[in-house]
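One structure is given here, and the rest of the page talks about it.
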Amino acid sequence: MITRNNRMARQWLVLCVVALALSLPSTLWAQMRMPDPVQQDKLELGKKVYFKRCVWCHGVEGAGDGPSADRLFTRPRNFTQGTFKIRVTDSGELPLDENLIDTVKNGLPGSAMPAWGEFLSKEEIKSVVQFVKTLVQDRDFSDEDEELAVMDFGKNPWGTSEPYHLGVPEEDIAAGKEIMIKNKCFECHGGEGRGDGNPTMKDDWGFEIMAADWQQCWNFRGSRRNHYDPFNIVRAISTGLNGTPMPNFREKITVEDRWKLAAFVNSLCPRKKIDRLANKPINDFLIKSKYTVGPVTSDWNDPMWQAPEDDPRAKSRPSGYTDIEGGGDQYWHYIALAGQIVRGERNFKPKVDNLWVMSRWSEEEQAVYYLVEYHNRFLSNDPEYPEGVAIQWPGQLEELFGAEKPYFIFGDSKKPVDIWKASFLPKNYDTTNAPNPDGYDLDISITELIGNGFEDVFEKDTPGGVQIVNSKYVQGRVKIMFRRSLTTENPDKTDVQIPVKGFVPVSFMEWSGFNKEHDEYMAISTWVYTILEPPLPASLIYMPPIVGSIFFGFQMWLIWMTKRTRKMVDDKTWK
Amino acid sequence: MNKVIIGVILYVGGWAVFHYGLFPMFTPREFSWVFNRYVYFLMLVFYFIAFNLILKLKPPISLNSLAVWLLGLYFYTAILFPPIPWTLLITYMMLWSIGTFLYVSQDKETFQEFRRPIVNVVTGEYKIARYIIFAALPLLVGWATYESIYPSFAEPVELRTVHPAPPATTKVHGKTYALEGLQNPFRKGEQDDYKDSFPFLDADKQEYMKYVTEGGTIFFENCHFCHGDQLNGLGMFSHVFNPTPANFIDPGTIAMLRESFLFWRVAKGGPGLPNESTPWSSAMPPWEEHLKTDEIWKVILFEYWYTGWHPRTFDDESSSVE
């Protein structure tokens with residue numbers, strides 16, 4: 001039984017504790033705690049999971065040297081030093097269990113680490129994390145010296161929500177840009193954030209490493225499958241990424257400013273529909289070539305070539321993107337690339353994993369234009385290994401029946417392919433140059449190839465007149481515009497003859513000269529289609545009013561009929 | 001008449017609150033028994049019934065039938081999951097419309113009551129309603145005409161045979177194999193006995209695990225880029241290719257195939273497929289160019305061990321053919 005005195009004493013005690021808590025500085029930047037010790041009872045299950053699922057990349061000792069390691073970029077994590085990238089603790093410190101669990105659950109997008117959350121049970125994930133902690137040899141999760149500072153990240157000041165986190169005020173984004181410039185983020189991440197700042201970076205183990213491309217946020221390792229959440233960026237800025245050159249900025253940038261910087265970084269990433277299984281934007285399988293009344297301009301700053309990179313289903317089109325006369329909306333098509341790992345010399349570590357394509361055709365010129373853009377952090381200066389990008393077509397489209405196509409890598413002996421390959425080197429460029437907003441002109445040439453199988457690719461004797469009408473390399477982005485007439489003389493039956501309003505298979509290839517790519521050692525896409533959209537039919541103008549008027553007439557007839565019937569009922573003439 | 005307006009407000013307002021306020025809560029990322037979309041729909045229906053009863057609104061049959069019809073439309077378009085194709089939606093809504101019509105035409109009075117507002121609009125007793133409706137409908141029809149003749153293009157649908165009939169024989173590395181009765185030379189033991197064994201750790205002690213380890217090593221040097229670290233066809237390059245790489249976890253792939261079929265598919269890859277399986281698009285390499293015969297068999301052994309599936313085997317009678 002509680003006496004009255006007892007109760008009063010207790011109230012005093014509570015009051016004292018509250019007062020003490022309030023008197024502490026409220027802006028502590030971190031909360032100190034000990035690491036989670038290894039839970040011995042989970043190790044048996046953890047070991048079982050590790051040796052079935054993880055050992056293949058992370059290796060028997062957890063040194064990141066499993067069978068797959070040498071063919072992966074980025075390499076699997078080496079656990080032995082206890083270096084983990086995605087944490088909520090201070091730079092250089094061990095992670096919390098929940099950080100490792102989140103990593104296993106969501107995977108690390110942009111790397112080979114898949115999300116295990118749907119594959120393993122919660123218990124298995126917890127256990128394998130405990131086992132991984134025992135693979136850390138240089139540090140001890142029960143050591144008293146390993147005290148952790150768990151960062152304070154503040155809260156999302158704008159209350160934006162999944163999936164696209166839109167609605168951050170423009171002035172905060174502009175402020176974020178200032179913070180970016182002041183803290184020189186561009187030195188590694190490049191002038192426009194495409195990760196094109198520093199080609200010489202190494203991780204703690206001496207392996208090559210790239211700064212993140214902010215415009216492809218679906219590849220952020222710490223995205224936790226919530227790719228547009230600015231929190232991911234705030235965490236990276238606050239804690240740094242252990243093992244990489246990315247430091248933390250917790251002393252240089254206040255928490256409020258970190259959110260603004262994050263909002264700026266986040267604003268650069270196009271809002272695309274992200275495939276939850278692949279953690280990549282959903283591919284476009286049809287490239288629509290827009291009809292143009294007059295000639296097409298090769299100036300990509302013309303309204304003719306303007307379209308937002310955002311998916312119209314994710315973010316509405318801002319004003320200023322007008323329909324071009326008779327052509328309808330212009331649209332950026334997203335084409336995913338993979339390393340060519342099928343035939344011959346295989347490329348397991350491609351440097352470019354997607355292209356953005358836009359197209360127009362002109363009835364007056366009887367020509368089609370393809371604008372191809374892609375991010376590539378660094379270009380080659382070596383004439384022996386030029387950069388390259390190519391559009392591949394069936395060489396004899398008229399001979400194909402139904403869904404039939406040539407083999408998607410350089411065709412086959414029965415069905416040749418027509419390849420328009422642009423090879424180029426940037427002028428006055430060096431990988432270590434400071435960001436250059438004007439970009440670099442390209443020393444570019446076009447080669448038309450005919451492919452009869454991957455060992456039988458040669459230059460055409462009678463090229464079909466493909467031209468490069470515009471090209472540039474700006475802040476980590478290559479832009480190249482191809483042009484060709486719809487039909488050619490085609491004496492050797494090697495050029496694709498492009499029909500209007502027909503589905504034509506097309507695919508893309510890319511060679512990163514900086515990565516010493518050449519011939520079949522390249523990046524490829526699968527076959528997609530392109531279509532030259534016909535002009536909008538004239539019936540679009542006259543049919544709706546005609547049908548509407550007919551319907552109006554029908555309504556009048558209905559009124560007349562109803563009234564007549566009623567009158568007949570009243571007159572008793574209705575039988 | 002006032003009661004009708006109150007009813008309409010409660011219908012529209014209530015639906016808006018439910019749809020924009022409650023619906024997101026009832027469609028969480030992780031499925032649960034209480035917070036699911038069907039429970040939400042039942043709550044909406046109860047709400048509709050409840051306010052009509054409690055306020056004694058006694059709505060006219062036309063309003064009732066409209067509410068019932070719209071509820072059906074809402075269910076089929078927004079609630080039912082996974083979403084149904086529009087052809088099916090039209091079929092369902094046709095049946096739903098017939099049902100609603102049966103409900104209003106159950107006897108003469110209700111039918112007349114249902115008909116009355118329509119007739120009143122047509123004959124002009126509801127003057128303002130007539131002007132609005134008779135002006136809006138032709139515009140709507142014109143707009144629908146515009147939408148339907150506006151050209152739109154979608155890539156052609158291509159069908160392909162996923163598991164084509166294998167040939168009788170296949171020649172790999174200069175040796176001809178008859179696929180009928182062909183066995184994996186490394187399947188020396190019962191797979192289930194090694195379920196809890198460790199690759200690498202047990203490779204020295206158990207011959208079977210030695211082969212599994214070697215097969216896994218080859219898989220994770222070559223195959224995981226497409227078929228995935230989890231063998232579920234979601235490797236880091238998988239989303240690029242069309243057709244997408246096979247998912248070995250799925251019961252429709254290696255679980256229903258013979259090892260000899262896999263041997264042929266692995267050795268010959270995409271280019272070895274017949275035309276009905278679109279050999280021109282398959283990114284599966286002809287692995288005989290990269291791997292030895294033994295390595296192909298070991299990878300197959302590993303894939304079954306990892307997924308826990310058993311290969312289809314020949315029953316006693318057909319195995320005697322061998």
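In the structure tokens, the first chain shown is A, the next is B, and so on; residue numbers restart at 1 for each chain, and ligands run from 1 in the order shown.
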
* To do: Pull the strand (DSSP E) assignments for region 359-394 of chain A out of DSSP run on the backbone, and list those residues as a PyMOL selection string.
  => chain A and resi 359-362+367-375+387-394

* Leaving out Thr100 (chain B) and any residue of its chain fewer than 3 positions from it, which residues lie within 8 Å of it when counting only C-alpha atoms, given as a PyMOL selection string? -> chain B and resi 65+68-69+96-97+103-104

Export, as a CSV table (one decimal), in the first residue's frame, the selected residues with N, CA and C atoms.
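The resulting file, part-v8.csv, is shown below:
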```csv
chain,number,residue,atom,x,y,z
B,65,SER,N,-30.4,3.1,-57.0
B,65,SER,CA,-29.8,2.2,-58.0
B,65,SER,C,-28.5,2.8,-58.5
B,68,VAL,N,-25.9,1.9,-56.0
B,68,VAL,CA,-25.5,0.5,-56.1
B,68,VAL,C,-24.6,0.3,-57.4
B,69,TRP,N,-25.0,0.9,-58.5
B,69,TRP,CA,-24.3,0.8,-59.7
B,69,TRP,C,-22.9,1.3,-59.6
B,96,TRP,N,-23.3,-6.5,-63.7
B,96,TRP,CA,-23.7,-5.6,-62.6
B,96,TRP,C,-24.9,-4.7,-63.0
B,97,SER,N,-24.8,-4.2,-64.2
B,97,SER,CA,-25.9,-3.3,-64.7
B,97,SER,C,-27.2,-4.1,-64.8
B,103,TYR,N,-33.2,-5.1,-60.2
B,103,TYR,CA,-33.6,-4.6,-58.9
B,103,TYR,C,-34.6,-3.4,-59.0
B,104,VAL,N,-34.4,-2.5,-60.0
B,104,VAL,CA,-35.3,-1.4,-60.1
B,104,VAL,C,-36.6,-1.9,-60.8
```

Identify all chain B residues at most 6 Å from chain A by counting only C-alpha atoms; ligands do not count. Present them as a PDB file with N, CA and C atoms, in the first residue's frame.
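For reference, part10.pdb as written:
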```pdb
ATOM      1  N   VAL B 122     -36.487  14.604 -69.602  1.00  0.00           N
ATOM      2  CA  VAL B 122     -36.692  14.622 -71.042  1.00  0.00           C
ATOM      3  C   VAL B 122     -37.823  15.571 -71.417  1.00  0.00           C
ATOM      4  N   PRO B 138     -23.864  15.736 -75.556  1.00  0.00           N
ATOM      5  CA  PRO B 138     -23.215  15.781 -76.874  1.00  0.00           C
ATOM      6  C   PRO B 138     -21.737  16.147 -76.793  1.00  0.00           C
ATOM      7  N   VAL B 141     -19.946  13.060 -75.810  1.00  0.00           N
ATOM      8  CA  VAL B 141     -19.858  12.136 -76.941  1.00  0.00           C
ATOM      9  C   VAL B 141     -18.764  12.600 -77.909  1.00  0.00           C
ATOM     10  N   GLY B 142     -18.707  13.917 -78.152  1.00  0.00           N
ATOM     11  CA  GLY B 142     -17.673  14.451 -79.034  1.00  0.00           C
ATOM     12  C   GLY B 142     -16.283  14.189 -78.479  1.00  0.00           C
ATOM     13  N   THR B 145     -15.350  10.629 -78.883  1.00  0.00           N
ATOM     14  CA  THR B 145     -14.983  10.353 -80.274  1.00  0.00           C
ATOM     15  C   THR B 145     -13.530  10.758 -80.523  1.00  0.00           C
ATOM     16  N   TYR B 146     -13.173  11.948 -80.025  1.00  0.00           N
ATOM     17  CA  TYR B 146     -11.806  12.447 -80.184  1.00  0.00           C
ATOM     18  C   TYR B 146     -10.805  11.473 -79.576  1.00  0.00           C
ATOM     19  N   GLU B 155       3.898  -1.221 -78.454  1.00  0.00           N
ATOM     20  CA  GLU B 155       4.740  -2.195 -79.144  1.00  0.00           C
ATOM     21  C   GLU B 155       3.957  -3.489 -79.348  1.00  0.00           C
ATOM     22  N   PHE B 198      27.419 -27.518 -45.876  1.00  0.00           N
ATOM     23  CA  PHE B 198      27.941 -26.205 -46.238  1.00  0.00           C
ATOM     24  C   PHE B 198      28.802 -26.310 -47.482  1.00  0.00           C
ATOM     25  N   THR B 217      30.450 -22.028 -57.723  1.00  0.00           N
ATOM     26  CA  THR B 217      31.516 -21.106 -58.101  1.00  0.00           C
ATOM     27  C   THR B 217      31.358 -20.677 -59.558  1.00  0.00           C
ATOM     28  N   PHE B 220      28.350 -18.328 -59.861  1.00  0.00           N
ATOM     29  CA  PHE B 220      28.562 -16.962 -59.385  1.00  0.00           C
ATOM     30  C   PHE B 220      29.704 -16.252 -60.119  1.00  0.00           C
ATOM     31  N   GLU B 221      30.361 -16.952 -61.016  1.00  0.00           N
ATOM     32  CA  GLU B 221      31.295 -16.260 -61.908  1.00  0.00           C
ATOM     33  C   GLU B 221      30.608 -15.863 -63.209  1.00  0.00           C
ATOM     34  N   MET B 236      21.611  -8.477 -61.778  1.00  0.00           N
ATOM     35  CA  MET B 236      21.753  -7.029 -62.001  1.00  0.00           C
ATOM     36  C   MET B 236      21.583  -6.625 -63.465  1.00  0.00           C
ATOM     37  N   PHE B 237      21.695  -7.553 -64.413  1.00  0.00           N
ATOM     38  CA  PHE B 237      21.454  -7.211 -65.814  1.00  0.00           C
ATOM     39  C   PHE B 237      20.082  -7.699 -66.296  1.00  0.00           C
ATOM     40  N   VAL B 240      17.360  -5.714 -68.320  1.00  0.00           N
ATOM     41  CA  VAL B 240      17.691  -5.190 -69.642  1.00  0.00           C
ATOM     42  C   VAL B 240      17.107  -6.091 -70.729  1.00  0.00           C
ATOM     43  N   PHE B 241      17.064  -7.378 -70.448  1.00  0.00           N
ATOM     44  CA  PHE B 241      16.789  -8.324 -71.518  1.00  0.00           C
ATOM     45  C   PHE B 241      15.314  -8.685 -71.632  1.00  0.00           C
ATOM     46  N   TRP B 280      16.559 -14.984 -81.563  1.00  0.00           N
ATOM     47  CA  TRP B 280      17.277 -13.735 -81.855  1.00  0.00           C
ATOM     48  C   TRP B 280      17.305 -12.776 -80.671  1.00  0.00           C
ATOM     49  N   SER B 281      16.400 -12.955 -79.698  1.00  0.00           N
ATOM     50  CA  SER B 281      16.346 -12.024 -78.565  1.00  0.00           C
ATOM     51  C   SER B 281      16.900 -12.614 -77.279  1.00  0.00           C
ATOM     52  N   PRO B 285      23.782 -17.163 -73.298  1.00  0.00           N
ATOM     53  CA  PRO B 285      24.931 -17.505 -74.135  1.00  0.00           C
ATOM     54  C   PRO B 285      24.937 -18.997 -74.463  1.00  0.00           C
TER      55      PRO B 285
END
```

* Figure out the distance between CA of Val466 (chain A) and CA of Ala154 (chain B), please, to one decimal in Å. => 27.1 Å

Would you list the contacts of region 240-247 of chain A as a short mmCIF file (atom, residue, chain, number, x, y, z; two decimals) with N, CA, C and O atoms, in the first residue's frame, taking every protein, DNA or RNA residue within 12 Å and counting only C-alpha atoms, but skipping same-chain residues closer than 2 positions in sequence?
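Wrote selection15.cif, looks like this:
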```cif
data_model
loop_
_atom_site.label_atom_id
_atom_site.label_comp_id
_atom_site.auth_asym_id
_atom_site.auth_seq_id
_atom_site.Cartn_x
_atom_site.Cartn_y
_atom_site.Cartn_z
N THR A 74 30.37 -2.57 -58.21
CA THR A 74 31.32 -2.51 -57.13
C THR A 74 31.57 -3.89 -56.53
O THR A 74 30.68 -4.72 -56.51
N ARG A 77 31.41 -6.46 -50.29
CA ARG A 77 32.02 -5.91 -49.08
C ARG A 77 32.99 -6.89 -48.43
O ARG A 77 32.71 -8.08 -48.35
N ASN A 78 34.12 -6.36 -47.99
CA ASN A 78 35.06 -7.10 -47.18
C ASN A 78 34.73 -6.79 -45.72
O ASN A 78 34.84 -5.66 -45.28
N PHE A 79 34.29 -7.85 -44.98
CA PHE A 79 33.81 -7.60 -43.62
C PHE A 79 34.92 -7.51 -42.59
O PHE A 79 34.68 -7.10 -41.46
N GLN A 81 37.47 -5.79 -41.68
CA GLN A 81 37.84 -4.60 -40.90
C GLN A 81 36.63 -3.94 -40.23
O GLN A 81 36.79 -2.93 -39.56
N GLY A 82 35.46 -4.48 -40.47
CA GLY A 82 34.27 -3.86 -39.85
C GLY A 82 33.90 -2.55 -40.51
O GLY A 82 33.38 -1.65 -39.86
N THR A 83 34.17 -2.44 -41.81
CA THR A 83 33.88 -1.20 -42.53
C THR A 83 32.54 -1.34 -43.24
O THR A 83 32.43 -2.17 -44.15
N PHE A 84 31.56 -0.59 -42.82
CA PHE A 84 30.24 -0.67 -43.44
C PHE A 84 29.81 0.72 -43.89
O PHE A 84 29.93 1.69 -43.14
N LYS A 85 29.28 0.79 -45.11
CA LYS A 85 28.97 2.08 -45.70
C LYS A 85 27.72 2.74 -45.11
O LYS A 85 27.74 3.91 -44.75
N ILE A 86 26.62 2.00 -45.08
CA ILE A 86 25.33 2.61 -44.78
C ILE A 86 25.01 2.42 -43.30
O ILE A 86 24.64 1.33 -42.87
N ARG A 87 25.19 3.48 -42.53
CA ARG A 87 25.00 3.42 -41.09
C ARG A 87 24.31 4.69 -40.60
O ARG A 87 24.20 5.66 -41.34
N VAL A 88 23.94 4.68 -39.33
CA VAL A 88 23.48 5.93 -38.73
C VAL A 88 24.50 6.42 -37.71
O VAL A 88 24.25 7.36 -36.97
N THR A 89 25.66 5.75 -37.65
CA THR A 89 26.69 6.12 -36.68
C THR A 89 27.73 7.01 -37.35
O THR A 89 27.75 7.15 -38.56
N ASP A 90 28.60 7.56 -36.52
CA ASP A 90 29.58 8.53 -37.03
C ASP A 90 30.61 7.83 -37.93
O ASP A 90 30.78 6.62 -37.88
N SER A 91 31.30 8.63 -38.73
CA SER A 91 32.33 8.12 -39.64
C SER A 91 33.30 7.21 -38.93
O SER A 91 33.75 7.52 -37.82
N GLY A 92 33.63 6.11 -39.57
CA GLY A 92 34.62 5.20 -39.03
C GLY A 92 34.10 4.25 -37.96
O GLY A 92 34.79 3.33 -37.56
N GLU A 93 32.86 4.47 -37.52
CA GLU A 93 32.34 3.63 -36.44
C GLU A 93 31.63 2.39 -36.98
O GLU A 93 31.27 2.32 -38.15
N LEU A 94 31.43 1.45 -36.04
CA LEU A 94 30.69 0.24 -36.40
C LEU A 94 29.21 0.59 -36.60
O LEU A 94 28.75 1.62 -36.10
N PRO A 95 28.48 -0.24 -37.33
CA PRO A 95 27.06 0.03 -37.55
C PRO A 95 26.20 -0.55 -36.42
O PRO A 95 26.69 -1.34 -35.61
N MET A 151 23.82 9.40 -35.04
CA MET A 151 23.58 10.75 -35.54
C MET A 151 22.14 11.21 -35.35
O MET A 151 21.21 10.42 -35.43
N ASN A 183 30.48 23.74 -50.32
CA ASN A 183 31.19 22.61 -49.76
C ASN A 183 31.94 21.79 -50.82
O ASN A 183 32.46 20.72 -50.53
N CYS A 185 31.11 19.91 -53.32
CA CYS A 185 30.70 18.54 -53.62
C CYS A 185 31.04 18.18 -55.06
O CYS A 185 31.25 17.02 -55.39
N GLU A 187 33.63 18.58 -56.67
CA GLU A 187 34.98 18.08 -56.92
C GLU A 187 34.97 16.58 -57.21
O GLU A 187 35.80 16.08 -57.95
N CYS A 188 34.05 15.87 -56.58
CA CYS A 188 33.92 14.44 -56.89
C CYS A 188 32.66 14.17 -57.73
O CYS A 188 32.68 13.37 -58.65
N HIS A 189 31.56 14.83 -57.36
CA HIS A 189 30.27 14.48 -57.98
C HIS A 189 30.03 15.22 -59.29
O HIS A 189 29.03 14.97 -59.95
N ASN A 198 36.06 13.13 -60.32
CA ASN A 198 37.40 12.66 -59.97
C ASN A 198 37.61 11.22 -60.45
O ASN A 198 37.00 10.31 -59.92
N THR A 200 40.26 9.35 -60.15
CA THR A 200 41.39 8.63 -59.53
C THR A 200 41.02 8.03 -58.18
O THR A 200 41.90 7.58 -57.45
N MET A 201 39.74 8.02 -57.83
CA MET A 201 39.41 7.63 -56.46
C MET A 201 39.55 6.12 -56.24
O MET A 201 39.28 5.31 -57.10
N LYS A 202 39.98 5.80 -55.02
CA LYS A 202 40.12 4.40 -54.61
C LYS A 202 39.41 4.21 -53.27
O LYS A 202 39.29 5.15 -52.49
N ASP A 203 38.97 2.97 -53.02
CA ASP A 203 38.40 2.71 -51.71
C ASP A 203 39.52 2.28 -50.75
O ASP A 203 40.70 2.28 -51.13
N ASP A 204 39.16 1.90 -49.52
CA ASP A 204 40.17 1.60 -48.50
C ASP A 204 41.06 0.43 -48.89
O ASP A 204 42.14 0.25 -48.31
N TRP A 205 40.61 -0.39 -49.83
CA TRP A 205 41.39 -1.57 -50.20
C TRP A 205 42.13 -1.36 -51.52
O TRP A 205 42.67 -2.28 -52.09
N GLY A 206 42.05 -0.12 -52.03
CA GLY A 206 42.78 0.21 -53.24
C GLY A 206 42.05 -0.11 -54.53
O GLY A 206 42.62 -0.04 -55.61
N PHE A 207 40.76 -0.46 -54.42
CA PHE A 207 40.00 -0.72 -55.63
C PHE A 207 39.37 0.56 -56.16
O PHE A 207 39.02 1.46 -55.38
N GLU A 208 39.23 0.61 -57.49
CA GLU A 208 38.64 1.77 -58.14
C GLU A 208 37.22 2.02 -57.62
O GLU A 208 36.47 1.07 -57.37
N ILE A 209 36.84 3.26 -57.48
CA ILE A 209 35.50 3.58 -56.98
C ILE A 209 35.01 4.87 -57.65
O ILE A 209 35.81 5.71 -58.03
N MET A 210 33.70 4.97 -57.83
CA MET A 210 33.11 6.11 -58.53
C MET A 210 32.23 6.91 -57.58
O MET A 210 31.54 6.33 -56.75
N ALA A 211 32.24 8.23 -57.76
CA ALA A 211 31.29 9.05 -56.99
C ALA A 211 29.88 8.80 -57.54
O ALA A 211 29.71 8.50 -58.71
N ALA A 212 28.90 8.92 -56.64
CA ALA A 212 27.52 8.65 -57.05
C ALA A 212 27.07 9.64 -58.14
O ALA A 212 27.46 10.80 -58.13
N PHE A 220 21.57 4.68 -55.84
CA PHE A 220 22.14 5.01 -54.52
C PHE A 220 22.10 3.76 -53.66
O PHE A 220 21.03 3.18 -53.45
N ARG A 221 23.26 3.37 -53.14
CA ARG A 221 23.31 2.14 -52.34
C ARG A 221 22.39 2.22 -51.12
O ARG A 221 21.76 1.25 -50.73
N GLY A 222 22.33 3.40 -50.51
CA GLY A 222 21.56 3.51 -49.27
C GLY A 222 20.11 3.90 -49.51
O GLY A 222 19.47 4.43 -48.62
N ASN A 232 17.81 9.62 -47.34
CA ASN A 232 18.98 8.80 -47.71
C ASN A 232 20.21 9.67 -47.90
O ASN A 232 21.33 9.28 -47.56
N ILE A 233 19.98 10.84 -48.49
CA ILE A 233 21.11 11.73 -48.78
C ILE A 233 21.56 12.40 -47.50
O ILE A 233 22.76 12.55 -47.25
N VAL A 234 20.61 12.80 -46.65
CA VAL A 234 20.97 13.41 -45.36
C VAL A 234 21.83 12.43 -44.56
O VAL A 234 22.85 12.83 -43.97
N ARG A 235 21.47 11.16 -44.59
CA ARG A 235 22.25 10.17 -43.84
C ARG A 235 23.67 10.09 -44.40
O ARG A 235 24.64 10.06 -43.65
N ALA A 236 23.77 10.05 -45.72
CA ALA A 236 25.11 9.94 -46.32
C ALA A 236 25.96 11.17 -45.99
O ALA A 236 27.15 11.05 -45.68
N ILE A 237 25.36 12.36 -46.03
CA ILE A 237 26.11 13.58 -45.72
C ILE A 237 26.52 13.59 -44.25
O ILE A 237 27.60 14.05 -43.89
N SER A 238 25.65 13.08 -43.38
CA SER A 238 25.90 13.15 -41.94
C SER A 238 26.91 12.13 -41.47
O SER A 238 27.68 12.39 -40.55
N PHE A 249 29.83 15.49 -43.22
CA PHE A 249 29.83 16.95 -43.20
C PHE A 249 29.09 17.46 -41.96
O PHE A 249 28.50 18.51 -41.99
N ARG A 250 29.10 16.65 -40.89
CA ARG A 250 28.26 17.02 -39.76
C ARG A 250 28.73 18.29 -39.07
O ARG A 250 27.94 18.99 -38.45
N GLU A 251 30.02 18.60 -39.19
CA GLU A 251 30.48 19.84 -38.57
C GLU A 251 30.37 21.02 -39.51
O GLU A 251 30.19 22.16 -39.10
N LYS A 252 30.50 20.73 -40.83
CA LYS A 252 30.50 21.83 -41.79
C LYS A 252 29.10 22.30 -42.15
O LYS A 252 28.89 23.45 -42.53
#
```

* Which parts of region 57-254 of chain A does DSSP call helix (DSSP H, G or I) when run on the backbone here, written out as an MDAnalysis selection string? -> chainID A and resid 57:58 69:71 97:106 122:134 144:146 170:182 186:189 217:219 221:223 230:239

* Find the residues near region 261-274 of chain B: any atom within 9 Å, counting only C-alpha atoms, skip ones fewer than 6 places away on the same chain, and give them as a list in words. => Tyr407 of chain A; Pro164, Ala165, Pro166, Pro167, Thr169, Thr170, Lys171, Val172, Leu179, Asn184, Ile254, Trp280, Ser281, Ser282, Ala283, Met284, Pro285, Pro286, Trp287, Glu288, Glu289, Leu291, Thr293, Ile296, Trp297 and Ile300 of chain B

* To do: Between B:Leu140, B:Cys223, B:Leu301, B:Val12, single out the one closest to Gly189 (chain B), counting only C-alpha atoms.
  => B:Leu301

* Asked: So how many Å separate CA of Lys210 (chain B) and CA of Val104 (chain A), to one decimal?
  -> 27.5 Å

* Selected residue, from B:Leu63, B:Leu139, B:Ala178, B:Cys226, that lies nearest to Tyr11 (chain B) when counting only C-alpha atoms -> B:Leu63

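If you measure from each of A:Lys273, A:Lys460, A:Arg360, A:Arg377 to Asp492 (chain A) using only C-alpha atoms, the closest one turns out to be A:Lys460.
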